[in-house]
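Visitor: start_0.cif (mmCIF, C-alpha atoms) pasted underneath:
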```cif
data_coords
#
loop_
_atom_site.label_atom_id
_atom_site.label_comp_id
_atom_site.auth_asym_id
_atom_site.auth_seq_id
_atom_site.Cartn_x
_atom_site.Cartn_y
_atom_site.Cartn_z
CA MET J 975 -8.42 9.72 -41.66
CA THR J 976 -9.94 7.80 -38.74
CA GLU J 977 -8.46 6.01 -35.77
CA THR J 978 -8.26 2.25 -36.34
CA ALA J 979 -7.46 -0.91 -34.40
CA THR J 980 -4.14 -0.90 -36.28
CA THR J 981 -3.09 2.16 -34.30
CA LEU J 982 -3.89 0.50 -31.00
CA LEU J 983 -2.12 -2.68 -32.02
CA TRP J 984 1.13 -1.22 -33.31
CA ASP J 985 1.68 2.06 -31.48
CA ASP J 986 4.71 2.02 -29.17
CA THR J 987 6.20 -1.19 -30.53
CA VAL J 988 9.31 -2.34 -32.37
CA LEU J 989 8.82 -5.20 -34.83
CA PRO J 990 11.95 -7.25 -35.72
CA PHE J 991 12.15 -8.78 -39.20
CA GLN J 992 14.62 -10.49 -41.51
CA LEU J 993 14.96 -10.52 -45.31
CA ASP J 994 16.04 -14.10 -45.90
CA ALA J 995 16.93 -13.57 -49.57
CA SER J 996 19.34 -10.71 -48.79
CA ASP J 997 21.04 -11.51 -45.44
CA ILE J 998 19.52 -8.33 -44.05
CA ARG J 999 17.76 -7.87 -40.74
CA GLY J 1000 15.66 -4.92 -39.70
CA ARG J 1001 13.23 -3.26 -37.35
CA VAL J 1002 10.01 -1.29 -37.82
CA ALA J 1003 9.23 1.06 -34.93
CA ARG J 1004 6.26 3.17 -33.92
CA LEU J 1005 6.62 5.60 -31.02
CA ASP J 1006 3.49 7.64 -30.43
CA GLY J 1007 2.40 7.68 -26.79
CA VAL J 1008 6.02 7.04 -25.74
CA LEU J 1009 7.32 10.04 -27.64
CA GLU J 1010 4.48 12.21 -26.32
CA GLN J 1011 5.51 11.30 -22.76
CA VAL J 1012 9.23 11.79 -23.43
CA LEU J 1013 8.67 15.30 -24.76
CA ALA J 1014 6.04 16.21 -22.16
CA GLN J 1015 8.73 16.16 -19.45
CA HIS J 1016 10.20 19.41 -20.82
CA ASP J 1017 9.08 22.53 -22.64
CA TYR J 1018 11.48 22.30 -25.57
CA PRO J 1019 11.27 24.62 -28.58
CA PRO J 1020 10.15 22.86 -31.79
CA ALA J 1021 13.66 22.47 -33.24
CA ILE J 1022 14.94 20.78 -30.07
CA GLU J 1023 11.81 18.62 -29.92
CA ALA J 1024 12.57 17.41 -33.45
CA LEU J 1025 16.11 16.37 -32.45
CA VAL J 1026 14.86 14.55 -29.34
CA ALA J 1027 12.15 12.82 -31.40
CA GLU J 1028 14.64 11.58 -34.00
CA MET J 1029 17.11 10.43 -31.35
CA SER J 1030 14.39 8.58 -29.42
CA LEU J 1031 13.29 6.75 -32.56
CA LEU J 1032 16.87 5.77 -33.37
CA THR J 1033 17.32 4.55 -29.80
CA ALA J 1034 14.26 2.29 -29.98
CA LEU J 1035 15.38 0.78 -33.29
CA ILE J 1036 19.00 0.23 -32.25
CA GLY J 1037 18.20 -0.93 -28.72
CA GLN J 1038 15.98 -3.74 -29.96
CA THR J 1039 18.81 -5.20 -32.09
CA ILE J 1040 21.02 -5.78 -29.05
CA ASP J 1041 20.91 -8.68 -26.60
CA LEU J 1042 20.57 -6.20 -23.79
CA ARG J 1043 20.73 -7.06 -20.11
CA TRP J 1044 20.52 -3.46 -18.92
CA LYS J 1045 21.02 -0.18 -20.80
CA LEU J 1046 21.91 1.26 -24.19
CA SER J 1047 22.61 4.99 -24.33
CA LEU J 1048 23.00 7.28 -27.32
CA GLN J 1049 24.56 10.73 -26.99
CA VAL J 1050 25.20 13.57 -29.39
CA ARG J 1051 27.41 16.39 -28.15
CA GLY J 1052 28.11 19.47 -30.24
CA ASP J 1053 29.54 22.97 -30.08
CA GLY J 1054 26.31 24.52 -31.38
CA PRO J 1055 23.30 25.66 -29.32
CA ALA J 1056 22.09 22.03 -29.09
CA ARG J 1057 24.86 21.01 -26.71
CA LEU J 1058 23.62 17.54 -25.76
CA ILE J 1059 20.94 15.08 -26.87
CA ALA J 1060 20.96 12.01 -24.63
CA THR J 1061 18.72 8.93 -24.65
CA ASP J 1062 18.59 5.70 -22.68
CA TYR J 1063 16.98 2.38 -23.68
CA TYR J 1064 16.44 -0.16 -20.90
CA GLY J 1065 15.92 -3.73 -22.03
CA PRO J 1066 12.92 -5.71 -20.77
CA THR J 1067 13.37 -7.07 -17.26
CA ASP J 1068 11.12 -10.08 -17.89
CA GLU J 1069 9.85 -11.97 -20.90
CA GLY J 1070 6.95 -10.06 -22.42
CA ALA J 1071 7.74 -6.92 -20.43
CA PRO J 1072 8.20 -3.63 -22.30
CA ALA J 1073 11.49 -1.92 -22.97
CA ARG J 1074 11.76 1.61 -21.54
CA ILE J 1075 13.03 4.83 -23.12
CA ARG J 1076 13.89 8.22 -21.70
CA ALA J 1077 15.51 11.27 -23.34
CA TYR J 1078 16.93 14.67 -22.46
CA ALA J 1079 18.34 17.71 -24.28
CA SER J 1080 20.61 20.51 -23.07
CA TYR J 1081 20.65 23.65 -25.21
CA ASP J 1082 21.40 27.37 -25.29
CA GLN J 1083 17.96 28.94 -25.67
CA ASP J 1084 19.11 32.31 -27.04
CA ARG J 1085 21.52 30.86 -29.62
CA GLN J 1086 18.93 28.26 -30.64
CA ALA J 1087 16.26 30.90 -31.19
CA GLU J 1088 18.65 33.11 -33.19
CA MET J 1089 19.76 30.30 -35.50
CA THR J 1090 16.23 28.97 -35.96
CA LEU J 1091 14.91 32.42 -36.89
CA GLY J 1092 17.78 32.61 -39.38
CA GLY J 1093 16.51 29.49 -41.13
CA ALA J 1094 18.78 26.85 -39.59
CA ALA J 1095 17.49 23.27 -39.67
CA PRO J 1096 17.34 21.38 -36.34
CA PHE J 1097 20.45 19.33 -37.19
CA ASP J 1098 22.42 22.54 -37.86
CA LEU J 1099 21.98 23.45 -34.19
CA ILE J 1100 24.40 20.69 -33.16
CA GLY J 1101 27.46 22.03 -34.98
CA LYS J 1102 30.68 20.06 -34.75
CA GLY J 1103 30.92 17.24 -32.25
CA TYR J 1104 30.47 13.52 -31.89
CA PHE J 1105 27.89 10.73 -31.89
CA ALA J 1106 28.39 8.15 -29.14
CA VAL J 1107 26.95 4.73 -28.37
CA LEU J 1108 27.33 3.47 -24.79
CA LEU J 1109 26.43 -0.09 -23.81
CA ASP J 1110 26.19 -1.04 -20.13
CA GLN J 1111 25.24 -4.64 -19.37
CA GLY J 1112 25.03 -4.04 -15.63
CA PRO J 1113 27.09 -4.99 -12.56
CA ASP J 1114 30.36 -6.88 -12.99
CA THR J 1115 30.65 -5.88 -16.67
CA VAL J 1116 32.84 -3.35 -18.43
CA PRO J 1117 30.77 -0.70 -20.27
CA TYR J 1118 31.44 -0.29 -23.99
CA GLN J 1119 31.69 3.10 -25.68
CA GLY J 1120 32.00 3.86 -29.39
CA ILE J 1121 32.39 7.37 -30.80
CA THR J 1122 32.32 8.82 -34.32
CA PRO J 1123 32.35 12.46 -35.48
CA ILE J 1124 29.12 14.20 -36.45
CA ALA J 1125 28.60 13.48 -40.16
CA GLY J 1126 25.87 13.82 -42.77
CA GLY J 1127 22.80 15.97 -42.49
CA SER J 1128 20.79 14.17 -39.82
CA LEU J 1129 21.09 12.15 -36.64
CA SER J 1130 20.15 9.03 -38.60
CA SER J 1131 23.12 9.72 -40.92
CA CYS J 1132 25.34 9.95 -37.83
CA ALA J 1133 24.06 6.55 -36.67
CA GLU J 1134 24.66 5.02 -40.10
CA THR J 1135 28.22 6.37 -40.06
CA TYR J 1136 28.78 4.97 -36.56
CA PHE J 1137 27.79 1.43 -37.60
CA ALA J 1138 29.93 1.54 -40.77
CA GLN J 1139 32.95 3.06 -39.04
CA SER J 1140 32.92 1.37 -35.63
CA GLU J 1141 31.13 -1.92 -36.28
CA GLN J 1142 31.66 -2.46 -40.05
CA LEU J 1143 27.91 -3.15 -40.28
CA PRO J 1144 26.07 -1.52 -43.20
CA THR J 1145 23.02 0.17 -41.67
CA ARG J 1146 20.24 2.35 -43.02
CA PHE J 1147 17.39 4.30 -41.40
CA SER J 1148 14.22 5.76 -42.86
CA LEU J 1149 12.40 7.89 -40.27
CA ALA J 1150 9.37 10.15 -40.02
CA TYR J 1151 8.14 12.12 -37.02
CA GLY J 1152 6.12 15.20 -36.16
CA ARG J 1153 2.90 16.49 -34.66
CA SER J 1154 -0.40 15.38 -36.16
CA THR J 1155 -4.09 15.68 -35.41
CA LEU J 1156 -6.65 12.90 -35.80
CA PRO J 1157 -10.41 13.57 -35.92
CA GLY J 1158 -11.82 14.13 -32.46
CA GLN J 1159 -8.35 14.29 -30.85
CA GLY J 1160 -5.84 16.96 -29.95
CA GLU J 1161 -2.42 17.40 -31.49
CA ASN J 1162 -0.03 14.56 -30.66
CA TRP J 1163 3.44 13.41 -31.60
CA ARG J 1164 3.65 10.47 -34.00
CA ALA J 1165 6.86 8.80 -35.10
CA GLY J 1166 7.79 5.77 -37.15
CA GLY J 1167 10.81 4.33 -38.86
CA VAL J 1168 12.51 1.40 -40.51
CA MET J 1169 16.05 0.18 -39.84
CA LEU J 1170 17.94 -2.10 -42.22
CA GLN J 1171 21.21 -3.74 -41.22
CA HIS J 1172 23.34 -6.29 -43.02
CA MET J 1173 23.72 -9.48 -41.02
CA PRO J 1174 27.15 -9.69 -39.35
CA LYS J 1175 29.56 -12.01 -41.12
CA LYS J 1176 32.90 -13.47 -40.14
CA GLY J 1177 35.70 -11.73 -41.90
CA MET J 1178 33.66 -8.65 -42.82
CA HIS J 1179 36.25 -5.99 -43.58
CA VAL J 1180 36.86 -2.77 -45.43
CA THR J 1181 36.87 -3.45 -49.17
CA GLY J 1182 38.35 -0.15 -50.36
CA ASP J 1183 39.17 3.42 -49.42
CA ALA J 1184 36.80 5.19 -47.04
CA SER J 1185 34.38 7.17 -49.16
CA GLY J 1186 32.37 8.99 -46.51
CA GLU J 1187 32.51 12.53 -45.21
CA GLY J 1188 35.82 13.36 -43.55
CA GLY J 1189 37.37 10.05 -44.57
CA LEU J 1190 34.83 7.97 -42.65
CA LEU J 1191 33.55 4.59 -43.83
CA THR J 1192 30.18 4.08 -45.51
CA ALA J 1193 28.10 0.92 -46.01
CA GLY J 1194 29.54 0.39 -49.48
CA ASP J 1195 33.09 0.37 -48.10
CA VAL J 1196 32.52 -2.86 -46.14
CA LEU J 1197 30.55 -4.96 -48.67
CA ASP J 1198 31.79 -7.15 -51.51
CA ALA J 1199 30.10 -7.06 -54.93
CA ASP J 1200 27.36 -9.64 -54.24
CA GLU J 1201 26.56 -8.26 -50.80
CA GLY J 1202 26.56 -4.73 -52.22
CA GLU J 1203 24.02 -5.70 -54.88
CA ASN J 1204 21.63 -7.13 -52.28
CA TRP J 1205 22.14 -4.14 -50.02
CA ASN J 1206 21.54 -1.61 -52.78
CA ARG J 1207 18.37 -3.40 -53.90
CA ALA J 1208 16.94 -3.36 -50.36
CA ASN J 1209 17.78 0.33 -50.02
CA ILE J 1210 16.10 1.20 -53.31
CA LEU J 1211 12.96 -0.57 -52.10
CA LEU J 1212 13.14 1.28 -48.77
CA ASP J 1213 13.33 4.58 -50.65
CA THR J 1214 9.79 4.01 -51.93
CA THR J 1215 8.38 4.39 -48.40
CA ASP J 1216 6.36 7.54 -47.83
CA GLU J 1217 5.82 9.38 -44.57
CA MET J 1218 2.21 8.29 -44.06
CA GLU J 1219 3.22 4.63 -44.31
CA LEU J 1220 5.61 5.20 -41.41
CA ILE J 1221 3.43 7.29 -39.10
CA GLY J 1222 -0.14 7.00 -40.42
CA PRO J 1223 -2.72 4.91 -38.54
CA SER J 1224 -3.88 2.81 -41.48
CA VAL J 1225 -0.76 0.81 -42.47
CA ALA J 1226 0.39 -1.98 -40.15
CA PRO J 1227 4.15 -2.67 -40.09
CA THR J 1228 3.56 -6.17 -41.46
CA ASP J 1229 1.67 -4.71 -44.44
CA LEU J 1230 4.45 -2.19 -45.03
CA LEU J 1231 7.11 -4.92 -45.01
CA LEU J 1232 5.11 -7.01 -47.44
CA ARG J 1233 4.70 -4.09 -49.83
CA LEU J 1234 8.36 -3.12 -49.68
CA PHE J 1235 10.15 -6.45 -49.56
CA HIS J 1236 7.80 -9.22 -50.72
CA GLU J 1237 10.46 -10.54 -53.13
CA GLU J 1238 13.10 -10.57 -50.38
CA GLY J 1239 11.32 -13.13 -48.23
CA PRO J 1240 10.43 -10.98 -45.19
CA ARG J 1241 10.06 -12.92 -41.96
CA VAL J 1242 8.79 -11.21 -38.81
CA PHE J 1243 9.35 -12.02 -35.14
CA ASP J 1244 7.55 -11.11 -31.93
CA PRO J 1245 7.03 -7.36 -31.50
CA GLN J 1246 8.65 -5.59 -28.54
CA PRO J 1247 6.44 -3.13 -26.62
CA VAL J 1248 8.12 0.13 -25.61
CA ARG J 1249 7.16 2.54 -22.82
CA PHE J 1250 8.46 5.78 -21.35
CA GLY J 1251 10.39 5.02 -18.18
CA CYS J 1252 13.01 6.54 -15.94
CA SER J 1253 15.40 4.73 -13.63
CA CYS J 1254 15.97 7.59 -11.21
CA GLY J 1255 15.16 7.27 -7.52
CA PRO J 1256 16.32 8.54 -4.13
CA ASP J 1257 18.76 5.69 -3.58
CA LYS J 1258 20.46 6.34 -6.94
CA VAL J 1259 20.79 10.04 -6.13
CA ARG J 1260 22.32 9.19 -2.77
CA GLN J 1261 24.72 6.83 -4.48
CA SER J 1262 25.82 9.55 -6.91
CA LEU J 1263 26.48 11.85 -3.95
CA SER J 1264 28.36 9.22 -1.94
CA ILE J 1265 31.73 10.41 -3.30
CA TYR J 1266 31.42 13.78 -1.53
CA SER J 1267 32.69 14.77 1.91
CA ALA J 1268 30.59 16.44 4.58
CA LYS J 1269 32.24 19.75 3.60
CA ASP J 1270 31.17 19.27 -0.02
CA ILE J 1271 27.64 18.36 1.03
CA ALA J 1272 27.48 21.53 3.14
CA THR J 1273 28.10 23.65 0.03
CA MET J 1274 25.09 21.97 -1.61
CA THR J 1275 22.79 22.56 1.36
CA THR J 1276 20.06 25.17 0.95
CA ASP J 1277 19.06 27.85 3.46
CA GLU J 1278 16.21 25.53 4.46
CA GLY J 1279 18.75 22.91 5.56
CA THR J 1280 18.14 20.39 2.76
CA VAL J 1281 19.91 19.15 -0.35
CA THR J 1282 17.75 19.01 -3.47
CA ALA J 1283 18.19 17.28 -6.83
CA ASP J 1284 16.15 17.14 -10.03
CA CYS J 1285 16.20 14.37 -12.65
CA GLN J 1286 17.06 15.83 -16.05
CA PHE J 1287 15.12 13.08 -17.82
CA CYS J 1288 11.77 12.97 -16.02
CA GLY J 1289 11.79 16.09 -13.83
CA ALA J 1290 11.43 14.21 -10.53
CA HIS J 1291 12.38 16.42 -7.56
CA TYR J 1292 14.19 14.97 -4.54
CA VAL J 1293 14.81 16.52 -1.12
CA PHE J 1294 17.38 15.06 1.31
CA ASP J 1295 18.63 15.56 4.82
CA PRO J 1296 22.32 16.48 4.27
CA GLU J 1297 23.36 14.33 7.23
CA THR J 1298 22.30 11.23 5.23
CA LEU J 1299 24.53 12.08 2.25
CA GLY J 1300 28.18 11.57 1.32
CA PHE J 1301 30.80 9.17 2.58
CA GLU J 1302 30.80 10.94 5.97
CA ALA J 1303 27.03 10.61 6.50
CA THR J 1304 26.01 10.52 10.16
CA LYS J 1305 22.42 9.35 9.69
CA ASP J 1306 20.85 6.31 8.06
CA PRO J 1307 18.24 7.61 5.59
CA HIS J 1308 16.04 4.59 6.25
CA ASP J 1309 15.75 5.44 9.97
CA ALA J 1310 13.73 8.55 9.19
#
```
With the file now loaded, output its structure as structure tokens.
Guide:
Amino acid sequence: MTETATTLLWDDTVLPFQLDASDIRGRVARLDGVLEQVLAQHDYPPAIEALVAEMSLLTALIGQTIDLRWKLSLQVRGDGPARLIATDYYGPTDEGAPARIRAYASYDQDRQAEMTLGGAAPFDLIGKGYFAVLLDQGPDTVPYQGITPIAGGSLSSCAETYFAQSEQLPTRFSLAYGRSTLPGQGENWRAGGVMLQHMPKKGMHVTGDASGEGGLLTAGDVLDADEGENWNRANILLDTTDEMELIGPSVAPTDLLLRLFHEEGPRVFDPQPVRFGCSCGPDKVRQSLSIYSAKDIATMTTDEGTVTADCQFCGAHYVFDPETLGFEATKDPHDA
């Protein structure tokens, strides 16, 4: 397998499309360099890397479906050794600008290693918990939060359950990710996926009893007979996708869509570039510490007379004069 111009053209992009014959919209995503940068910020064990990779891919696909003025966040919290998987998707600031993604995982290293050696799959490390979607459109808006229990056997199953349960929008993901080696190159992360989602309709409602795990809704519970037939046909076609079509360098997303859905009238739109990016900075750290008194700040001060902070997402390290922090600050940090 050789590197091609297709790889350069489609890596780190999300391509929106619509199936006009089925009232279904979708996205095809490739995250290669982006995912490599996301995971390079931390030395995660392979099982945690797999969870972060899947969550990042989901975030890129979901984020591009939203008319986003600022930030979409996904979070999975569990009682297993993988305590938290958190991702942020920042919408483009200008037309033609890339979206930005960052991700972070918190885990119990000893419990993770023990379960992994015992044969546990990465998803098993989460245990019981919840999948959350948080939408923040910026200043002067009220953030939205939707939560559903952990369900199914993957993070993509959790996302599908969230959309059926909280939004009554049938949604399906087909994802592939992992490390690969191309001739003449080192080992790198490659990831790709397809998202299908039924177009929102007025009056969409639950058509029967919830049939999902734990009494949760599934896609079939919110579709009538005709819609269900179209949805099932599109899903059967999606099931014919193989891993190399999603992450290999030789199949462009447009070619994949044509192979899968040529009878459904696929129509593509402008691709969205995606990059790794973090929104942290000294002013944001100061703002987060502005709720503390001088006494509180003193407890955070090191023997060297500074207050330090590290970004969990990108690893940036910040050092502050304690007199510039908190609501009782006595110095202006910009006078230094």
Visitor: Excluding same-chain residues fewer than 5 positions from Ser1148 (chain J), what lies within 10 Å of it counting all atoms listed in the file, as JSON, numbers by chain?
Guide: {"J": [1002, 1032, 1130, 1131, 1166, 1167, 1168, 1169, 1170, 1209, 1212, 1213, 1215, 1216, 1217, 1220]}
Visitor: Which residue is closest to Ala1133 (chain J)? Choose from J:Met1218, J:Ala1095, J:Leu1031, J:Ala1150 and count all atoms listed in the file.
Guide: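 Among J:Met1218, J:Ala1095, J:Leu1031, J:Ala1150, it is J:Leu1031 that comes nearest to Ala1133 (chain J).
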Visitor: I'd like the interatomic distance between CA of Glu1238 (chain J) and CA of Asp994 (chain J), to a tenth of an Å.
Guide: 6.4 Å
Visitor: Would you compute the distance between CA of Lys1258 (chain J) and CA of Leu1013 (chain J)? Give it in Å to one decimal.
Guide: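 Result for CA of Lys1258 (chain J) versus CA of Leu1013 (chain J): 23.2 Å, one decimal.
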Visitor: Taking (3.9, 9.7, -27.3) in the coordinates of the supplied file, I want to know which residues reach to within 12 Å of it, counting all atoms listed in the file; could you give the answer as number ranges by chain?
Guide: J: 985-987, 1004-1015, 1027, 1030-1031, 1075-1076, 1151-1154, 1161-1166, 1248-1250
Visitor: Determine, counting only C-alpha atoms, which protein, DNA and RNA residues have an atom within 7 Å of an atom of region 1298-1302 of chain J; residues of the same chain fewer than 3 positions away are not included. Present the result as a list in words.
Guide: Arg1260, Leu1263, Ser1264, Ile1265, Tyr1266, Ser1267, Ala1268, Ile1271, Asp1295, Lys1305, Asp1306 and Pro1307 of chain J
Visitor: Just how far from CA of Gly1251 (chain J) is CA of Arg1074 (chain J), in Å to one decimal?
Guide: 5.0 Å
Visitor: For the file shown, what are the residues hit by the PyMOL selection byres ((chain J and resi 1073) around 12), laid out as a PyMOL selection string?
Guide: chain J and resi 986-988+1008+1033-1035+1037-1038+1040+1042-1046+1062-1072+1074-1076+1245-1252
Visitor: Which is closer to Ala1226 (chain J) than all the others in J:Ile998, J:Leu1058, J:Ile1100, J:Ala1003, using all atoms listed in the file?
Guide: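 Of the candidates, the smallest distance to Ala1226 (chain J) is held by J:Ala1003.
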Visitor: Hey, which of J:Asp1284, J:Ser1047, J:Met1029, J:Asp1098 ends up closest to Gln1119 (chain J)? Count all atoms listed in the file.
Guide: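 Closest residue, counting all atoms listed in the file: J:Ser1047.
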